[in-house]
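Data block for data_27.cif (mmCIF, C-alpha atoms):
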```
data_coords
#
loop_
_atom_site.label_atom_id
_atom_site.label_comp_id
_atom_site.auth_asym_id
_atom_site.auth_seq_id
_atom_site.Cartn_x
_atom_site.Cartn_y
_atom_site.Cartn_z
CA MET A 1 -39.35 -28.52 -41.47
CA PRO A 2 -35.51 -28.77 -41.66
CA ARG A 3 -33.60 -25.47 -41.36
CA SER A 4 -31.65 -24.24 -44.37
CA LYS A 5 -27.83 -24.23 -44.18
CA GLY A 6 -27.75 -20.38 -44.61
CA ALA A 7 -30.08 -19.81 -41.69
CA SER A 8 -27.97 -22.09 -39.52
CA TYR A 9 -24.80 -20.15 -40.42
CA ARG A 10 -26.53 -16.84 -39.68
CA ARG A 11 -27.64 -18.13 -36.28
CA THR A 12 -24.12 -19.35 -35.48
CA ALA A 13 -22.65 -16.04 -36.62
CA ARG A 14 -25.08 -14.08 -34.42
CA PHE A 15 -24.17 -16.32 -31.51
CA LEU A 16 -20.45 -15.76 -31.98
CA THR A 17 -20.52 -12.04 -32.80
CA GLY A 18 -21.24 -10.89 -29.23
CA PRO A 19 -18.40 -12.75 -27.51
CA LEU A 20 -15.95 -11.85 -30.29
CA PHE A 21 -16.89 -8.18 -30.01
CA LEU A 22 -16.39 -8.27 -26.24
CA LEU A 23 -13.07 -10.01 -26.70
CA LEU A 24 -11.90 -7.27 -29.05
CA LEU A 25 -13.00 -4.54 -26.64
CA SER A 26 -11.58 -6.14 -23.51
CA PRO A 27 -8.20 -4.33 -23.54
CA LEU A 28 -10.05 -1.02 -23.54
CA ALA A 29 -12.58 -2.10 -20.97
CA PHE A 30 -10.00 -3.41 -18.54
CA GLY A 31 -7.94 -0.27 -18.38
CA GLN A 32 -4.63 0.98 -19.41
CA ASN A 33 -2.31 -1.97 -19.17
CA PRO A 34 -3.07 -4.41 -21.95
CA PRO A 35 -0.38 -7.05 -22.32
CA ALA A 36 2.53 -5.54 -24.20
CA VAL A 37 3.24 -7.00 -27.63
CA ALA A 38 6.60 -6.15 -29.14
CA PRO A 39 6.36 -5.05 -32.79
CA ALA A 40 8.30 -7.02 -35.38
CA ALA A 41 11.67 -5.43 -36.05
CA ASN A 42 11.09 -4.92 -39.76
CA GLN A 43 7.69 -3.27 -39.36
CA PRO A 44 7.37 0.52 -39.54
CA PRO A 45 6.13 2.29 -36.39
CA ALA A 46 2.37 2.09 -36.09
CA SER A 47 0.40 5.24 -36.69
CA THR A 48 -0.50 7.20 -33.55
CA GLN A 49 -4.21 6.62 -34.20
CA ALA A 50 -4.01 2.86 -34.19
CA ALA A 51 -1.52 2.39 -31.33
CA PRO A 52 0.11 5.51 -29.93
CA ALA A 53 3.87 5.10 -29.85
CA LEU A 54 4.36 8.43 -28.10
CA ARG A 55 1.99 9.73 -25.50
CA THR A 56 1.42 13.34 -24.62
CA LEU A 57 3.46 14.09 -21.55
CA VAL A 58 1.10 14.78 -18.67
CA VAL A 59 2.48 15.05 -15.16
CA MET A 60 0.01 14.58 -12.33
CA ILE A 61 1.01 16.53 -9.23
CA ASP A 62 -0.45 15.44 -5.91
CA PRO A 63 -0.27 17.96 -3.05
CA ALA A 64 -0.30 15.53 -0.12
CA HIS A 65 -2.87 15.76 2.69
CA GLY A 66 -5.79 18.24 2.52
CA GLY A 67 -9.13 18.84 4.23
CA SER A 68 -9.22 17.29 7.67
CA ASP A 69 -5.80 15.70 7.09
CA LEU A 70 -3.49 18.58 7.97
CA GLY A 71 -0.28 16.62 7.55
CA ALA A 72 2.63 17.66 9.74
CA ALA A 73 2.35 20.84 11.78
CA LEU A 74 5.32 22.68 10.28
CA ASN A 75 4.83 25.32 12.94
CA GLN A 76 1.81 26.46 14.92
CA ALA A 77 0.41 28.45 11.99
CA ILE A 78 1.46 26.44 8.93
CA PRO A 79 0.02 22.99 8.27
CA GLU A 80 1.78 20.81 5.72
CA LYS A 81 -1.34 20.61 3.52
CA ASP A 82 -1.21 24.36 2.71
CA VAL A 83 2.48 24.32 1.83
CA THR A 84 2.12 21.25 -0.39
CA LEU A 85 -0.73 22.90 -2.31
CA ALA A 86 1.21 26.13 -2.80
CA ILE A 87 4.30 24.24 -3.99
CA ALA A 88 2.21 22.04 -6.30
CA ARG A 89 0.63 25.09 -7.95
CA ARG A 90 4.06 26.63 -8.56
CA PHE A 91 5.36 23.32 -9.87
CA ARG A 92 2.46 23.22 -12.36
CA GLU A 93 3.39 26.73 -13.55
CA GLN A 94 7.04 25.79 -13.89
CA LEU A 95 6.25 22.70 -15.94
CA GLY A 96 3.79 24.70 -18.08
CA ALA A 97 6.52 27.26 -18.80
CA ARG A 98 8.61 24.37 -20.20
CA GLY A 99 5.78 23.14 -22.41
CA ILE A 100 4.81 20.24 -20.18
CA ARG A 101 1.17 19.79 -19.28
CA ALA A 102 0.63 19.31 -15.55
CA VAL A 103 -2.57 18.69 -13.64
CA LEU A 104 -3.15 18.89 -9.92
CA LEU A 105 -4.79 15.97 -8.19
CA ARG A 106 -6.33 18.45 -5.75
CA ASP A 107 -6.51 22.17 -6.40
CA SER A 108 -8.42 23.05 -3.24
CA ASP A 109 -8.55 22.05 0.41
CA ALA A 110 -10.20 18.75 -0.46
CA SER A 111 -10.02 15.58 1.62
CA LEU A 112 -8.89 12.61 -0.43
CA SER A 113 -7.81 9.25 0.90
CA THR A 114 -4.66 7.70 -0.48
CA ASP A 115 -6.77 5.01 -2.18
CA GLN A 116 -8.88 7.69 -3.89
CA ARG A 117 -5.72 9.43 -5.04
CA ALA A 118 -4.39 6.20 -6.53
CA GLN A 119 -7.71 5.54 -8.27
CA ILE A 120 -7.65 9.00 -9.87
CA VAL A 121 -4.06 8.54 -11.03
CA ASN A 122 -4.67 5.06 -12.44
CA ALA A 123 -7.77 6.24 -14.31
CA ALA A 124 -5.99 9.30 -15.78
CA HIS A 125 -2.83 7.30 -16.54
CA PRO A 126 -0.39 10.25 -16.70
CA ALA A 127 3.20 9.78 -17.85
CA LEU A 128 4.42 10.64 -14.36
CA TYR A 129 2.94 10.99 -10.87
CA VAL A 130 4.64 13.29 -8.35
CA ALA A 131 3.46 13.57 -4.73
CA ILE A 132 4.53 16.67 -2.83
CA HIS A 133 5.29 16.61 0.92
CA ALA A 134 6.88 19.23 3.16
CA THR A 135 8.69 18.94 6.48
CA SER A 136 10.43 21.09 9.02
CA GLN A 137 13.08 18.41 9.69
CA GLY A 138 16.28 18.02 7.76
CA ASN A 139 17.76 19.99 4.95
CA GLY A 140 16.87 20.27 1.26
CA MET A 141 14.94 17.72 -0.72
CA ARG A 142 14.30 13.96 -0.56
CA ILE A 143 12.98 11.92 -3.41
CA TYR A 144 11.20 8.66 -2.62
CA THR A 145 10.04 5.74 -4.69
CA ALA A 146 7.88 2.87 -3.51
CA MET A 147 9.31 0.31 -1.08
CA LEU A 148 8.60 -2.79 -3.16
CA PRO A 149 10.75 -5.53 -4.65
CA ALA A 150 11.94 -4.29 -8.06
CA SER A 151 11.48 -7.72 -9.57
CA GLY A 152 7.76 -7.97 -8.84
CA ASP A 153 5.63 -9.14 -11.73
CA ASN A 154 2.35 -7.28 -11.71
CA SER A 155 1.20 -6.67 -15.25
CA GLY A 156 -1.85 -7.63 -17.27
CA PRO A 157 -5.46 -6.49 -17.10
CA PHE A 158 -5.77 -7.04 -13.35
CA VAL A 159 -3.09 -5.97 -10.90
CA ASP A 160 -2.69 -6.47 -7.17
CA TRP A 161 -3.66 -3.21 -5.49
CA GLU A 162 -0.98 -3.45 -2.81
CA THR A 163 1.83 -3.88 -5.32
CA ALA A 164 0.34 -2.13 -8.36
CA GLN A 165 3.48 -0.02 -8.72
CA SER A 166 5.80 -2.99 -9.20
CA SER A 167 5.36 -3.12 -12.99
CA ALA A 168 6.35 0.57 -13.25
CA LEU A 169 8.96 0.50 -10.49
CA SER A 170 12.05 0.20 -12.66
CA ARG A 171 10.93 3.28 -14.61
CA SER A 172 10.10 5.11 -11.37
CA ARG A 173 13.61 4.39 -10.06
CA TRP A 174 15.12 5.53 -13.36
CA VAL A 175 13.19 8.81 -13.15
CA GLN A 176 14.24 9.16 -9.50
CA ASP A 177 17.91 8.72 -10.47
CA GLN A 178 17.67 11.22 -13.34
CA VAL A 179 15.86 13.85 -11.28
CA ALA A 180 18.23 13.40 -8.33
CA ALA A 181 21.33 13.65 -10.54
CA ALA A 182 20.05 16.78 -12.27
CA ILE A 183 19.20 18.53 -9.00
CA GLN A 184 22.41 17.46 -7.27
CA ARG A 185 24.39 19.01 -10.13
CA THR A 186 22.94 22.38 -9.09
CA GLY A 187 24.40 21.91 -5.60
CA PHE A 188 21.02 21.66 -3.89
CA PRO A 189 21.06 19.15 -0.97
CA LEU A 190 19.11 16.06 -2.00
CA ARG A 191 18.73 12.41 -0.99
CA SER A 192 17.20 9.47 -2.86
CA LEU A 193 15.44 6.83 -0.79
CA ILE A 194 12.68 4.26 -0.83
CA ALA A 195 9.73 4.81 1.50
CA PRO A 196 6.66 3.01 2.85
CA LEU A 197 4.47 5.85 1.64
CA ARG A 198 1.01 5.54 0.12
CA PRO A 199 -0.20 5.87 -2.56
CA LEU A 200 3.17 5.18 -4.23
CA ASN A 201 2.57 1.40 -4.00
CA ASN A 202 -0.87 1.64 -5.59
CA VAL A 203 -0.25 3.63 -8.77
CA THR A 204 0.49 1.91 -12.06
CA VAL A 205 2.53 4.69 -13.68
CA PRO A 206 6.08 5.92 -12.98
CA ALA A 207 5.83 7.68 -9.64
CA PHE A 208 7.89 9.40 -6.99
CA ALA A 209 7.28 11.55 -3.95
CA VAL A 210 9.31 14.58 -3.02
CA GLU A 211 9.65 15.86 0.55
CA ILE A 212 10.87 19.42 0.78
CA ALA A 213 12.62 20.74 3.87
CA PRO A 214 14.08 24.20 4.47
CA THR A 215 17.77 24.77 3.84
CA THR A 216 18.11 27.56 6.37
CA GLY A 217 16.66 25.70 9.34
CA THR A 218 13.66 28.00 9.51
CA VAL A 219 10.24 26.63 8.58
CA LEU A 220 9.12 29.99 7.21
CA GLN A 221 11.38 29.38 4.22
CA LEU A 222 8.95 26.67 3.08
CA ALA A 223 6.23 29.29 2.70
CA SER A 224 8.41 31.81 0.87
CA VAL A 225 7.74 32.38 -2.82
CA ASP A 226 11.43 32.53 -3.68
CA TYR A 227 12.19 29.16 -2.12
CA GLN A 228 9.16 27.52 -3.69
CA GLU A 229 10.12 28.94 -7.11
CA MET A 230 13.68 27.71 -6.73
CA VAL A 231 12.70 24.18 -5.70
CA THR A 232 9.96 23.75 -8.30
CA ALA A 233 12.14 25.19 -11.09
CA ALA A 234 14.84 22.63 -10.26
CA LEU A 235 12.28 19.83 -10.34
CA ALA A 236 10.72 21.07 -13.58
CA ASN A 237 14.13 21.39 -15.26
CA SER A 238 15.00 17.83 -14.30
CA ILE A 239 11.73 16.50 -15.72
CA ALA A 240 12.03 18.59 -18.89
CA ALA A 241 15.46 17.04 -19.44
CA ILE A 242 13.93 13.54 -19.67
CA ARG A 243 10.65 14.40 -21.35
CA GLY A 244 11.57 12.48 -24.50
CA LYS A 245 11.99 9.26 -22.49
CA LEU A 246 8.81 9.90 -20.54
CA GLU A 247 6.79 10.48 -23.70
CA GLY A 248 8.01 7.20 -25.09
CA ALA A 249 7.05 5.27 -21.95
CA PRO A 250 4.59 2.43 -22.48
CA MET B 1 -24.30 -11.51 76.47
CA ASN B 2 -26.32 -9.13 78.65
CA PRO B 3 -27.79 -5.86 77.30
CA ARG B 4 -25.00 -3.82 78.82
CA GLN B 5 -22.31 -5.80 77.02
CA LEU B 6 -24.33 -5.61 73.77
CA THR B 7 -24.53 -1.83 73.99
CA PHE B 8 -20.81 -1.63 74.74
CA MET B 9 -19.88 -3.83 71.69
CA THR B 10 -22.19 -1.84 69.39
CA ALA B 11 -20.55 1.40 70.50
CA ILE B 12 -17.05 -0.03 69.81
CA LEU B 13 -18.06 -1.27 66.36
CA PHE B 14 -19.65 2.10 65.58
CA ALA B 15 -16.47 3.91 66.63
CA VAL B 16 -14.32 1.59 64.47
CA ALA B 17 -16.62 2.19 61.46
CA ILE B 18 -16.36 5.97 61.87
CA GLY B 19 -12.59 5.74 62.28
CA MET B 20 -12.20 3.69 59.09
CA SER B 21 -14.44 6.06 57.15
CA LEU B 22 -12.28 8.99 58.25
CA TYR B 23 -9.14 7.10 57.21
CA VAL B 24 -10.52 6.32 53.74
CA TRP B 25 -11.59 9.94 53.35
CA GLN B 26 -8.06 11.07 54.27
CA LEU B 27 -6.49 8.64 51.78
CA ARG B 28 -8.76 9.85 49.02
CA ARG B 29 -7.95 13.48 49.74
CA HIS B 30 -4.24 12.70 49.70
CA GLU B 31 -4.62 10.92 46.32
CA VAL B 32 -6.40 13.91 44.79
CA ARG B 33 -3.78 16.35 46.08
CA ASN B 34 -0.79 14.22 45.07
CA PRO B 35 -1.62 12.21 41.93
CA PRO B 36 0.86 9.43 41.12
CA VAL B 37 3.62 10.61 38.81
CA ALA B 38 3.50 8.87 35.41
CA THR B 39 6.84 7.34 34.67
CA ALA B 40 8.27 7.70 31.19
CA GLN B 41 10.25 4.50 31.60
CA HIS B 42 8.59 1.25 30.70
CA VAL B 43 8.27 -1.27 33.50
CA ALA B 44 9.59 -4.66 32.53
CA PRO B 45 10.20 -7.74 34.61
CA PRO B 46 13.87 -8.29 35.46
CA VAL B 47 15.67 -10.43 32.94
CA SER B 48 17.80 -13.18 34.40
CA GLY B 49 19.62 -14.33 31.25
CA PRO B 50 23.33 -13.86 30.55
CA MET B 51 24.61 -10.62 29.03
CA GLU B 52 24.86 -10.80 25.26
CA LYS B 53 26.17 -8.38 22.69
CA VAL B 54 23.48 -7.28 20.21
CA THR B 55 23.31 -4.69 17.46
CA LEU B 56 20.69 -1.98 17.72
CA TRP B 57 19.90 0.08 14.63
CA VAL B 58 19.56 3.53 16.11
CA ALA B 59 17.85 6.46 14.39
CA HIS B 60 19.68 9.79 14.50
CA ASP B 61 17.34 12.67 13.78
CA ASP B 62 20.11 15.24 13.33
CA LEU B 63 21.71 13.18 10.53
CA GLY B 64 18.50 11.70 9.18
CA ALA B 65 20.34 8.39 9.37
CA LEU B 66 20.46 4.96 10.99
CA ARG B 67 23.59 3.84 12.81
CA ALA B 68 24.39 0.34 14.06
CA GLN B 69 25.29 0.39 17.75
CA SER B 70 26.55 -2.60 19.74
CA VAL B 71 25.24 -2.94 23.30
CA SER B 72 25.29 -5.70 25.88
CA ILE B 73 21.93 -6.61 27.37
CA PRO B 74 20.68 -9.58 29.38
CA LEU B 75 18.88 -11.97 27.06
CA THR B 76 16.92 -15.10 27.83
CA ALA B 77 16.95 -18.20 25.65
CA GLY B 78 13.34 -17.85 24.44
CA ARG B 79 13.10 -16.42 20.95
CA GLN B 80 10.01 -14.32 21.68
CA GLU B 81 11.40 -12.95 24.95
CA ARG B 82 14.59 -11.97 23.13
CA THR B 83 12.64 -9.85 20.63
CA GLN B 84 10.83 -8.12 23.50
CA GLU B 85 14.11 -7.41 25.26
CA LEU B 86 15.62 -6.02 22.06
CA MET B 87 12.71 -3.61 21.66
CA HIS B 88 12.90 -2.56 25.30
CA ALA B 89 16.64 -1.91 24.94
CA LEU B 90 15.95 0.27 21.89
CA LEU B 91 13.16 2.13 23.69
CA ASP B 92 15.39 2.69 26.76
CA LEU B 93 17.95 4.27 24.47
CA TYR B 94 15.32 6.53 22.86
CA GLN B 95 14.00 7.55 26.30
CA ASP B 96 17.42 8.59 27.53
CA LYS B 97 17.82 12.33 28.03
CA ASN B 98 20.59 12.38 25.37
CA SER B 99 18.52 10.37 22.92
CA PRO B 100 19.38 10.83 19.23
CA HIS B 101 15.73 10.09 18.40
CA PRO B 102 13.52 11.15 21.32
CA VAL B 103 10.16 9.46 21.79
CA ALA B 104 7.19 10.90 23.62
CA SER B 105 6.86 10.70 27.38
CA GLY B 106 4.85 7.62 28.22
CA ALA B 107 5.73 5.91 24.92
CA GLU B 108 5.78 2.15 25.26
CA ILE B 109 6.26 -0.97 23.23
CA HIS B 110 3.50 -3.10 24.72
CA ASP B 111 4.58 -6.40 23.26
CA VAL B 112 6.34 -8.19 20.47
CA TYR B 113 4.83 -11.40 19.07
CA LEU B 114 6.61 -13.92 16.92
CA VAL B 115 4.18 -15.68 14.65
CA ASP B 116 5.69 -18.47 12.61
CA PRO B 117 6.74 -18.64 9.90
CA GLY B 118 8.83 -15.52 10.07
CA LEU B 119 6.25 -12.90 11.05
CA VAL B 120 6.87 -10.47 13.89
CA VAL B 121 4.15 -8.17 15.25
CA ILE B 122 5.21 -5.10 17.24
CA ASP B 123 2.49 -3.52 19.35
CA VAL B 124 3.32 0.06 20.35
CA SER B 125 1.32 2.40 22.57
CA GLN B 126 -0.76 5.27 21.28
CA ALA B 127 1.56 7.68 23.09
CA PHE B 128 4.44 6.24 21.06
CA ALA B 129 2.66 6.87 17.74
CA ASP B 130 1.08 10.20 18.68
CA GLY B 131 4.39 11.57 19.90
CA GLN B 132 6.22 10.59 16.74
CA PRO B 133 7.32 13.65 14.71
CA SER B 134 5.35 13.69 11.46
CA GLY B 135 7.30 13.41 8.21
CA VAL B 136 8.26 10.77 5.65
CA LEU B 137 11.89 10.51 6.74
CA ALA B 138 11.20 10.92 10.47
CA GLU B 139 8.65 8.12 10.44
CA GLU B 140 10.60 5.73 8.25
CA LEU B 141 13.58 6.13 10.57
CA THR B 142 11.44 4.85 13.45
CA VAL B 143 10.00 1.95 11.46
CA ALA B 144 13.35 0.91 9.98
CA SER B 145 15.08 1.18 13.36
CA MET B 146 12.66 -1.23 15.04
CA ILE B 147 12.35 -3.78 12.24
CA GLN B 148 16.04 -3.80 11.31
CA THR B 149 17.03 -4.24 14.98
CA LEU B 150 14.75 -7.26 15.23
CA SER B 151 15.75 -8.79 11.91
CA VAL B 152 19.54 -8.63 12.40
CA ASN B 153 19.28 -10.19 15.85
CA THR B 154 16.52 -12.71 15.11
CA PRO B 155 17.30 -14.98 12.17
CA GLY B 156 14.39 -16.16 10.05
CA LEU B 157 12.21 -13.05 10.16
CA MET B 158 10.56 -12.32 6.82
CA ARG B 159 7.69 -9.95 7.54
CA ALA B 160 6.82 -7.40 10.19
CA LYS B 161 3.63 -5.68 11.23
CA ILE B 162 3.23 -2.68 13.51
CA LEU B 163 0.07 -2.22 15.60
CA VAL B 164 -0.89 0.70 17.82
CA ASP B 165 -2.59 -0.32 21.08
CA GLY B 166 -3.38 -3.67 19.48
CA GLN B 167 -5.20 -2.07 16.55
CA GLU B 168 -4.25 -1.49 12.94
CA ARG B 169 -3.64 2.18 12.20
CA GLU B 170 -3.36 3.78 8.76
CA THR B 171 -0.04 5.54 9.32
CA LEU B 172 2.43 6.02 12.15
CA ALA B 173 2.07 9.83 12.19
CA GLY B 174 0.57 10.74 8.82
CA HIS B 175 3.12 9.20 6.45
CA ALA B 176 4.66 5.76 7.11
CA ASP B 177 2.14 3.15 6.05
CA LEU B 178 1.06 0.75 8.80
CA THR B 179 -1.79 -0.99 6.96
CA GLY B 180 0.35 -3.66 5.34
CA PHE B 181 3.13 -6.02 6.26
CA TYR B 182 6.72 -4.89 5.95
CA ASP B 183 8.97 -7.13 3.90
CA VAL B 184 12.08 -7.50 6.07
CA SER B 185 14.41 -7.63 3.05
CA GLN B 186 12.97 -4.33 1.81
CA VAL B 187 13.48 -2.78 5.24
CA GLY B 188 17.08 -4.04 5.05
CA GLU B 189 17.42 -2.19 1.75
CA LEU B 190 15.98 0.96 3.33
CA ALA B 191 18.29 0.59 6.35
CA LYS B 192 21.27 0.43 3.99
CA GLN B 193 20.16 3.64 2.29
CA LEU B 194 19.58 5.35 5.65
CA ALA B 195 22.94 4.18 6.97
CA ALA B 196 24.74 5.55 3.92
CA GLN B 197 24.04 9.15 4.91
#
```
Can the structure from this file be put into structure tokens for me?
Amino acid sequence: MPRSKGASYRRTARFLTGPLFLLLLSPLAFGQNPPAVAPAANQPPASTQAAPALRTLVVMIDPAHGGSDLGAALNQAIPEKDVTLAIARRFREQLGARGIRAVLLRDSDASLSTDQRAQIVNAAHPALYVAIHATSQGNGMRIYTAMLPASGDNSGPFVDWETAQSSALSRSRWVQDQVAAAIQRTGFPLRSLIAPLRPLNNVTVPAFAVEIAPTTGTVLQLASVDYQEMVTAALANSIAAIRGKLEGAP
Amino acid sequence: MNPRQLTFMTAILFAVAIGMSLYVWQLRRHEVRNPPVATAQHVAPPVSGPMEKVTLWVAHDDLGALRAQSVSIPLTAGRQERTQELMHALLDLYQDKNSPHPVASGAEIHDVYLVDPGLVVIDVSQAFADGQPSGVLAEELTVASMIQTLSVNTPGLMRAKILVDGQERETLAGHADLTGFYDVSQVGELAKQLAAQ
């Protein structure tokens, strides 16, 4: 018996519905970096429900090291991992006081590899990732961005893990410049550099690392509440000053 | 040989055996009491090439900076041997008592391999890595110093890899990444930033 035309169409439609549905869902399924499409100039901004033009500013703070990874021995009693956690907690408070939501990547003495840290950051997709390090050498603060070619093309649904930062690198360097300029205006000693430091290369959002050294030459300053408050307030002020640009980041 | 001669020879051999045993025992006792002193200096074969002026990129811990320093060292014609001599010259400088960037006692650069096209592999000892002060800046000074010294004196280098005792290690001393290959042009960029201090 020959099939009716309607039944044939229904069968074809059923056959095509699945792949079309998957195709529509693919940008969501494959993460946070769907190919960017520039809106037409004469169109009004899309509503935030359909395609968010502004994102809520969330800063992810990563106290480096932790667990069995002690980091540098700042002195015989103070491992770097404890100082980074204390500074990160104060930094979260300082950002919160300025109306910026901040989350800690570790809020305990947990062991996390740099790959795990990058995975957490890429899944959460914050507006900014800040890694905190501490050292007994030098003076003041250093701000680092990833050591990658700025011209690297690494966008789309799948990115190369080793150079995942390259698509966000120009924004990371812009944030680095703004933060450095704001802190230098206060007279605090600061340097801006690139660094071969994981997981900066592996995160897909604007990212920098900060390494905090004492200004008095004594390591104990790193553990003092006053110094931690001063450093984190300077950092929080510099980020609050550019929050509008960060919220508008793609 | 009559029995008398045989007895005489056996007695001599027995006496020699006892004497040698006592000598070995004495040597062993002397070795235990006076162990050989480990030298901090690397031991390298003498280089017979002509003296040449090269530029070493020297880390200065007090400034947190790199400085170019011209030195004259004997260099052979072979490209690979030249890279090894450059690294030994840099290490000699860091092992000096007035070193601006001291390295641990017993630190060595085992070997430097040139792998075409444009890849250099630097194999350092575990003592070198373990004695490295931990910190982002401290470690990147070491990495940049070695790679920049090689790249400015060895045209054609594009990538560099650092091994520790022939094995890949995650970081130099907790911060500087050693799992990947260093892009020499990026290290040049870093060296410029570190020299600007």
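The interatomic distance for the pair atom CA of B:Arg159 and atom CA of B:Val184 works out to 5.2 Å.
Selecting chain A residues within 7 Å of chain B and counting all atoms listed in the file yields Gly71, Ala72, Thr135, Gly138, Met147, Leu148, Pro149, Leu193, Ile194, Ala195, Pro196, Leu197 and Arg198 of chain A.
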Please, could you write that set of residues out with C-alpha atoms as a PDB file, in the coordinates of the input?
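The result, stored in part02.pdb:
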```pdb
ATOM      1  CA  GLY A  71      -0.280  16.620   7.550  1.00  0.00           C
ATOM      2  CA  ALA A  72       2.630  17.660   9.740  1.00  0.00           C
ATOM      3  CA  THR A 135       8.690  18.940   6.480  1.00  0.00           C
ATOM      4  CA  GLY A 138      16.280  18.020   7.760  1.00  0.00           C
ATOM      5  CA  MET A 147       9.310   0.310  -1.080  1.00  0.00           C
ATOM      6  CA  LEU A 148       8.600  -2.790  -3.160  1.00  0.00           C
ATOM      7  CA  PRO A 149      10.750  -5.530  -4.650  1.00  0.00           C
ATOM      8  CA  LEU A 193      15.440   6.830  -0.790  1.00  0.00           C
ATOM      9  CA  ILE A 194      12.680   4.260  -0.830  1.00  0.00           C
ATOM     10  CA  ALA A 195       9.730   4.810   1.500  1.00  0.00           C
ATOM     11  CA  PRO A 196       6.660   3.010   2.850  1.00  0.00           C
ATOM     12  CA  LEU A 197       4.470   5.850   1.640  1.00  0.00           C
ATOM     13  CA  ARG A 198       1.010   5.540   0.120  1.00  0.00           C
TER      14      ARG A 198
END
```
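Picture a line from atom CA of A:Ser167 to atom CA of A:Leu200; it runs 12.3 Å.
Neighbours of A:Gly140 closer than or equal to 6 Å, with all atoms listed in the file counted and sequence neighbours fewer than 2 positions away skipped, come out as Pro189, Leu190, Ala213, Pro214 and Thr215 of chain A.
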Could the residues in this selection be written to a file with C-alpha atoms, as a short mmCIF file (atom, residue, chain, number, x, y, z; two decimals), in the frame of the given file?
```
data_model
loop_
_atom_site.label_atom_id
_atom_site.label_comp_id
_atom_site.auth_asym_id
_atom_site.auth_seq_id
_atom_site.Cartn_x
_atom_site.Cartn_y
_atom_site.Cartn_z
CA PRO A 189 21.06 19.15 -0.97
CA LEU A 190 19.11 16.06 -2.00
CA ALA A 213 12.62 20.74 3.87
CA PRO A 214 14.08 24.20 4.47
CA THR A 215 17.77 24.77 3.84
#
```
Practice prompt. Specify as an MDAnalysis selection string each residue included when the PyMOL selection byres ((chain B and resi 111) around 9) is applied to this file.
Written response: chainID B and resid 84 87 108:110 112:113 121:124
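Here atom CA of B:Thr154 is placed at a distance of 28.6 Å from atom CA of A:Ser192.
For the structure in this document, the set picked by the PyMOL selection byres ((chain B and resi 71) around 10) is Met51, Glu52, Lys53, Val54, Thr55, Leu56, Ala68, Gln69, Ser70, Ser72, Ile73, Ala89 and Leu90 of chain B.
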**Asked** Taking (-2.4, 7.9, 22.8) in the file's coordinates as the center, which residues reach within 12 Å of it, counting all atoms listed in the file, put as number ranges by chain?
**Response** B: 104-108, 124-132, 164-165, 172-173
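Closest approach to A:Ala164 from the set A:Leu128, A:Ala146, A:Ala88, A:Leu246 is made by A:Ala146, with distances taken over all atoms listed in the file.
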- Report the residues retrieved by the PyMOL selection byres ((chain A and resi 119-121) around 9) from the displayed file, expressed as a ChimeraX atom specification. /A:60,105,114-118,122-126,129,202-205
Sel. within 8 Å of pt (0.2, 19.8, -15.6), counting all atoms listed in the file, output as number ranges by chain: A: 58-61, 92-93, 95-96, 100-104
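Near A:Ala241, within 9 Å and counting only C-alpha atoms, sit A:Gln178, A:Val179, A:Ala182, not including residues fewer than 6 positions from it in the same chain.
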